[in-house]
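Beneath this line is the structure, given in structure tokens, with notes to follow.
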Amino acid sequence: MLRVTLSKRCVSWKYPSILLFGIGVSNVGEWIYFIALNLIVLEMTSSPLAVSGLYIIKPMATLLTNFWAGSIIDRLNKRNLMVFLDIFRAVFIALLPIMSSLSLIYFVVFIINMASSIFGPSSMTYITKLIPHEQRKQFNSLHSLITSGAFLIGPAIAGFLFMIGTPIFAIYINALALLISGMITLLMPDIEKKNIVSAINSELSIKIIRNDLIAVIKFSRQSQYIMMINMLFSCVMVIMASAVDSLEAAFAKEVLFLSESQYGFLVTIAGAGIVTGAIINSIFVKNLKTSFTIGLGSVLVSVGYVIYAFSSSFIIAGIGFFILAFFISYANTGFLTFYQNNIPVEMMGRIGSAYSLIQAVFVITTTSIMGIAANGTSIQVVVIIGVLVMMILSIILCICSLLPSKKQFYEVKAYGNETMSL
């Protein structure tokens, strides 16, 4: 009986395991590409400002892409689209080393980020269709573990590649990683082979995009609680990832007076917290309610940032870093599970793209405001204000996610007849 159970479990996790492996390869490659590209641009220009320009390209590409990308994603075969985007990005990344001017590099990076903006919502939709309802929390926790591991493994591999070669060699390795990821995706089942929407046969037009936008707005009005949780979580992540983190290095050096080696060790502490939290999360995730992981996870991440913002020494800052990194896996797993279970899969590409567009605007606006404020006043004051706003939003998110009257959003499989505990 035990052997039969284990056999069934292995079969049920065959494709999720292949998909997780492909995600791991892609994420490790992305870190190698990210670090190598920064070094290439810095060596070419000797300008930190030129490097910072790379950080602006991603949200700008999202702004240009996501208002129409959802209309394509929901009408195309997601597996085939993911394979195409992996190969497309691999080709353009392989072209980067032969670029002789900064403007050409920026242009190619912009094209690559446009493809990545389409890939994100596409993979989310495919994962939601592929992974059965009862496996989603476990899959999301393992997904978080793999992306967390890539945070440590990617830079380590990049450093090794720089020792035996050059940043250009590392760029080619990333292109190869994306090709491998694309080939792995080809091994996945074509779950839309028989029922893919045929509306893409007509050319994408302003009318189609407008109608899709109206459909997203209509769904948002009809599902206000779902979209409120989505926006609250996005706001917390935007303040954390784009606003506070953008001042992290300056805060460490100018407020805490850390040396480069101490700051590097601080980042290592965060990496250890991420991996430790993700491992424990993947083990116990089945026993944790989705509402708790979203709400309490976000609050505890904010607590870690508050400790860091008010710290006056390396030890206190390290404690704050470990706490925020430890609980980020819980928050992300809870939110992804909530999102997958409550957003209609046939609209997931359009909804994901539309809200990613809004999030990109938040990223650019919030980062700009905090950057300008940091130049005019104390960096610590700006960071403290940022983390306090993040804490307030995370408390509101926690309260909203734990409301007894909203229990059905965490216990009922939306848009279906199956009911089970999450």
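Labels for the structure tokens follow display order: chains A, B, ..., residues from 1 in each chain, ligands from 1.
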
Test item, alpha helix (DSSP H) assignment across segment 209-344 of chain A, answer as a ChimeraX atom specification: /A:209-222,224-238,248-254,260-284,290-309,314-342

Residue contacts of segment 387-403 of chain A (6 Å, only C-alpha atoms) excluding same-chain residues fewer than 6 positions away, as JSON, numbers by chain: {"A": [236, 291, 295, 296, 298, 299, 302, 306]}

Distance query segment 172-189 of chain A at most 9 Å, only C-alpha atoms, self and fewer than 4 positions along chain excluded, as a PyMOL selection string: chain A and resi 15-16+18-19+21-33+79-80+82-87+89-94+97+130+161+167-168

Spatial neighbours of Thr293 of chain A, max dist 12 Å, only C-alpha atoms, sep filter under 2 positions, as number ranges by chain: A: 137, 141, 233, 281, 284-291, 295-301, 327-338, 394, 397-398, 401-402, 410, 422

Need the shell around Ser312 of chain A: protein/DNA/RNA residues with any atom at most 12 Å away, counting only C-alpha atoms. Skip same-chain ones fewer than 2 positions apart. Format as a PDB file with N, CA and C atoms, in the first residue's frame?
ATOM      1  N   PHE A 251      22.538  53.185   2.757  1.00  0.00           N
ATOM      2  CA  PHE A 251      22.199  53.139   4.180  1.00  0.00           C
ATOM      3  C   PHE A 251      23.284  52.396   4.960  1.00  0.00           C
ATOM      4  N   ALA A 252      23.731  51.265   4.412  1.00  0.00           N
ATOM      5  CA  ALA A 252      24.742  50.454   5.094  1.00  0.00           C
ATOM      6  C   ALA A 252      26.061  51.204   5.251  1.00  0.00           C
ATOM      7  N   LYS A 253      26.430  51.969   4.232  1.00  0.00           N
ATOM      8  CA  LYS A 253      27.722  52.646   4.267  1.00  0.00           C
ATOM      9  C   LYS A 253      27.681  53.998   4.974  1.00  0.00           C
ATOM     10  N   GLU A 254      26.601  54.767   4.739  1.00  0.00           N
ATOM     11  CA  GLU A 254      26.564  56.134   5.262  1.00  0.00           C
ATOM     12  C   GLU A 254      25.909  56.245   6.637  1.00  0.00           C
ATOM     13  N   VAL A 255      25.053  55.291   6.994  1.00  0.00           N
ATOM     14  CA  VAL A 255      24.375  55.327   8.297  1.00  0.00           C
ATOM     15  C   VAL A 255      25.022  54.353   9.276  1.00  0.00           C
ATOM     16  N   LEU A 256      25.240  53.110   8.815  1.00  0.00           N
ATOM     17  CA  LEU A 256      25.844  52.093   9.686  1.00  0.00           C
ATOM     18  C   LEU A 256      27.365  52.083   9.602  1.00  0.00           C
ATOM     19  N   PHE A 257      27.910  52.799   8.621  1.00  0.00           N
ATOM     20  CA  PHE A 257      29.359  52.904   8.424  1.00  0.00           C
ATOM     21  C   PHE A 257      30.016  51.527   8.265  1.00  0.00           C
ATOM     22  N   LEU A 258      29.377  50.670   7.479  1.00  0.00           N
ATOM     23  CA  LEU A 258      29.913  49.333   7.255  1.00  0.00           C
ATOM     24  C   LEU A 258      30.942  49.356   6.132  1.00  0.00           C
ATOM     25  N   ILE A 307      13.427  46.757  12.186  1.00  0.00           N
ATOM     26  CA  ILE A 307      14.637  46.533  12.989  1.00  0.00           C
ATOM     27  C   ILE A 307      15.861  47.049  12.247  1.00  0.00           C
ATOM     28  N   TYR A 308      15.928  46.747  10.958  1.00  0.00           N
ATOM     29  CA  TYR A 308      17.051  47.197  10.136  1.00  0.00           C
ATOM     30  C   TYR A 308      17.095  48.715  10.042  1.00  0.00           C
ATOM     31  N   ALA A 309      15.941  49.348   9.821  1.00  0.00           N
ATOM     32  CA  ALA A 309      15.898  50.801   9.635  1.00  0.00           C
ATOM     33  C   ALA A 309      16.312  51.557  10.895  1.00  0.00           C
ATOM     34  N   PHE A 310      15.980  51.015  12.076  1.00  0.00           N
ATOM     35  CA  PHE A 310      16.303  51.683  13.340  1.00  0.00           C
ATOM     36  C   PHE A 310      17.619  51.186  13.936  1.00  0.00           C
ATOM     37  N   PHE A 314      26.051  46.695  13.304  1.00  0.00           N
ATOM     38  CA  PHE A 314      26.026  45.591  12.353  1.00  0.00           C
ATOM     39  C   PHE A 314      25.185  44.429  12.872  1.00  0.00           C
ATOM     40  N   ILE A 315      25.282  44.126  14.161  1.00  0.00           N
ATOM     41  CA  ILE A 315      24.580  42.973  14.734  1.00  0.00           C
ATOM     42  C   ILE A 315      23.063  43.154  14.637  1.00  0.00           C
ATOM     43  N   ILE A 316      22.578  44.336  15.028  1.00  0.00           N
ATOM     44  CA  ILE A 316      21.133  44.592  14.975  1.00  0.00           C
ATOM     45  C   ILE A 316      20.644  44.579  13.526  1.00  0.00           C
ATOM     46  N   ALA A 317      21.420  45.190  12.627  1.00  0.00           N
ATOM     47  CA  ALA A 317      21.052  45.186  11.208  1.00  0.00           C
ATOM     48  C   ALA A 317      21.013  43.758  10.671  1.00  0.00           C
ATOM     49  N   GLY A 318      21.954  42.916  11.103  1.00  0.00           N
ATOM     50  CA  GLY A 318      21.991  41.525  10.679  1.00  0.00           C
ATOM     51  C   GLY A 318      20.771  40.755  11.153  1.00  0.00           C
ATOM     52  N   ILE A 319      20.342  41.017  12.405  1.00  0.00           N
ATOM     53  CA  ILE A 319      19.136  40.371  12.938  1.00  0.00           C
ATOM     54  C   ILE A 319      17.918  40.762  12.098  1.00  0.00           C
ATOM     55  N   GLY A 320      17.808  42.063  11.813  1.00  0.00           N
ATOM     56  CA  GLY A 320      16.702  42.547  10.991  1.00  0.00           C
ATOM     57  C   GLY A 320      16.702  41.915   9.616  1.00  0.00           C
ATOM     58  N   GLN A 380      18.589  57.783   6.576  1.00  0.00           N
ATOM     59  CA  GLN A 380      17.927  56.979   7.596  1.00  0.00           C
ATOM     60  C   GLN A 380      16.480  57.406   7.803  1.00  0.00           C
TER      61      GLN A 380
END

Å distance separating atom CA of Ser148 of chain A from atom CA of Ile379 of chain A, one decimal place: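 Distance reported for this atom pair: 28.1 Å.
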
Residue among A:Pro59, A:Gly376, A:Pro404, A:Gly165 lying closest to Ile364 of chain A, counting only C-alpha atoms: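 Of A:Pro59, A:Gly376, A:Pro404, A:Gly165, the one nearest Ile364 of chain A is A:Pro59, counting only C-alpha atoms.
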
Pick from A:Leu42, A:Trp13, A:Ile372, A:Pro344 nearest to Val216 of chain A, counting only C-alpha atoms: A:Pro344

Test item: residues at most 9 Å from Thr276 of chain A, only C-alpha atoms, excluding those fewer than 3 positions along its chain, as JSON, numbers by chain: {"A": [145, 271, 272, 273, 279, 280, 281, 325, 326]}

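With atom CA of Leu64 of chain A on one side and atom CA of Phe88 of chain A on the other, the separation reads 18.0 Å.
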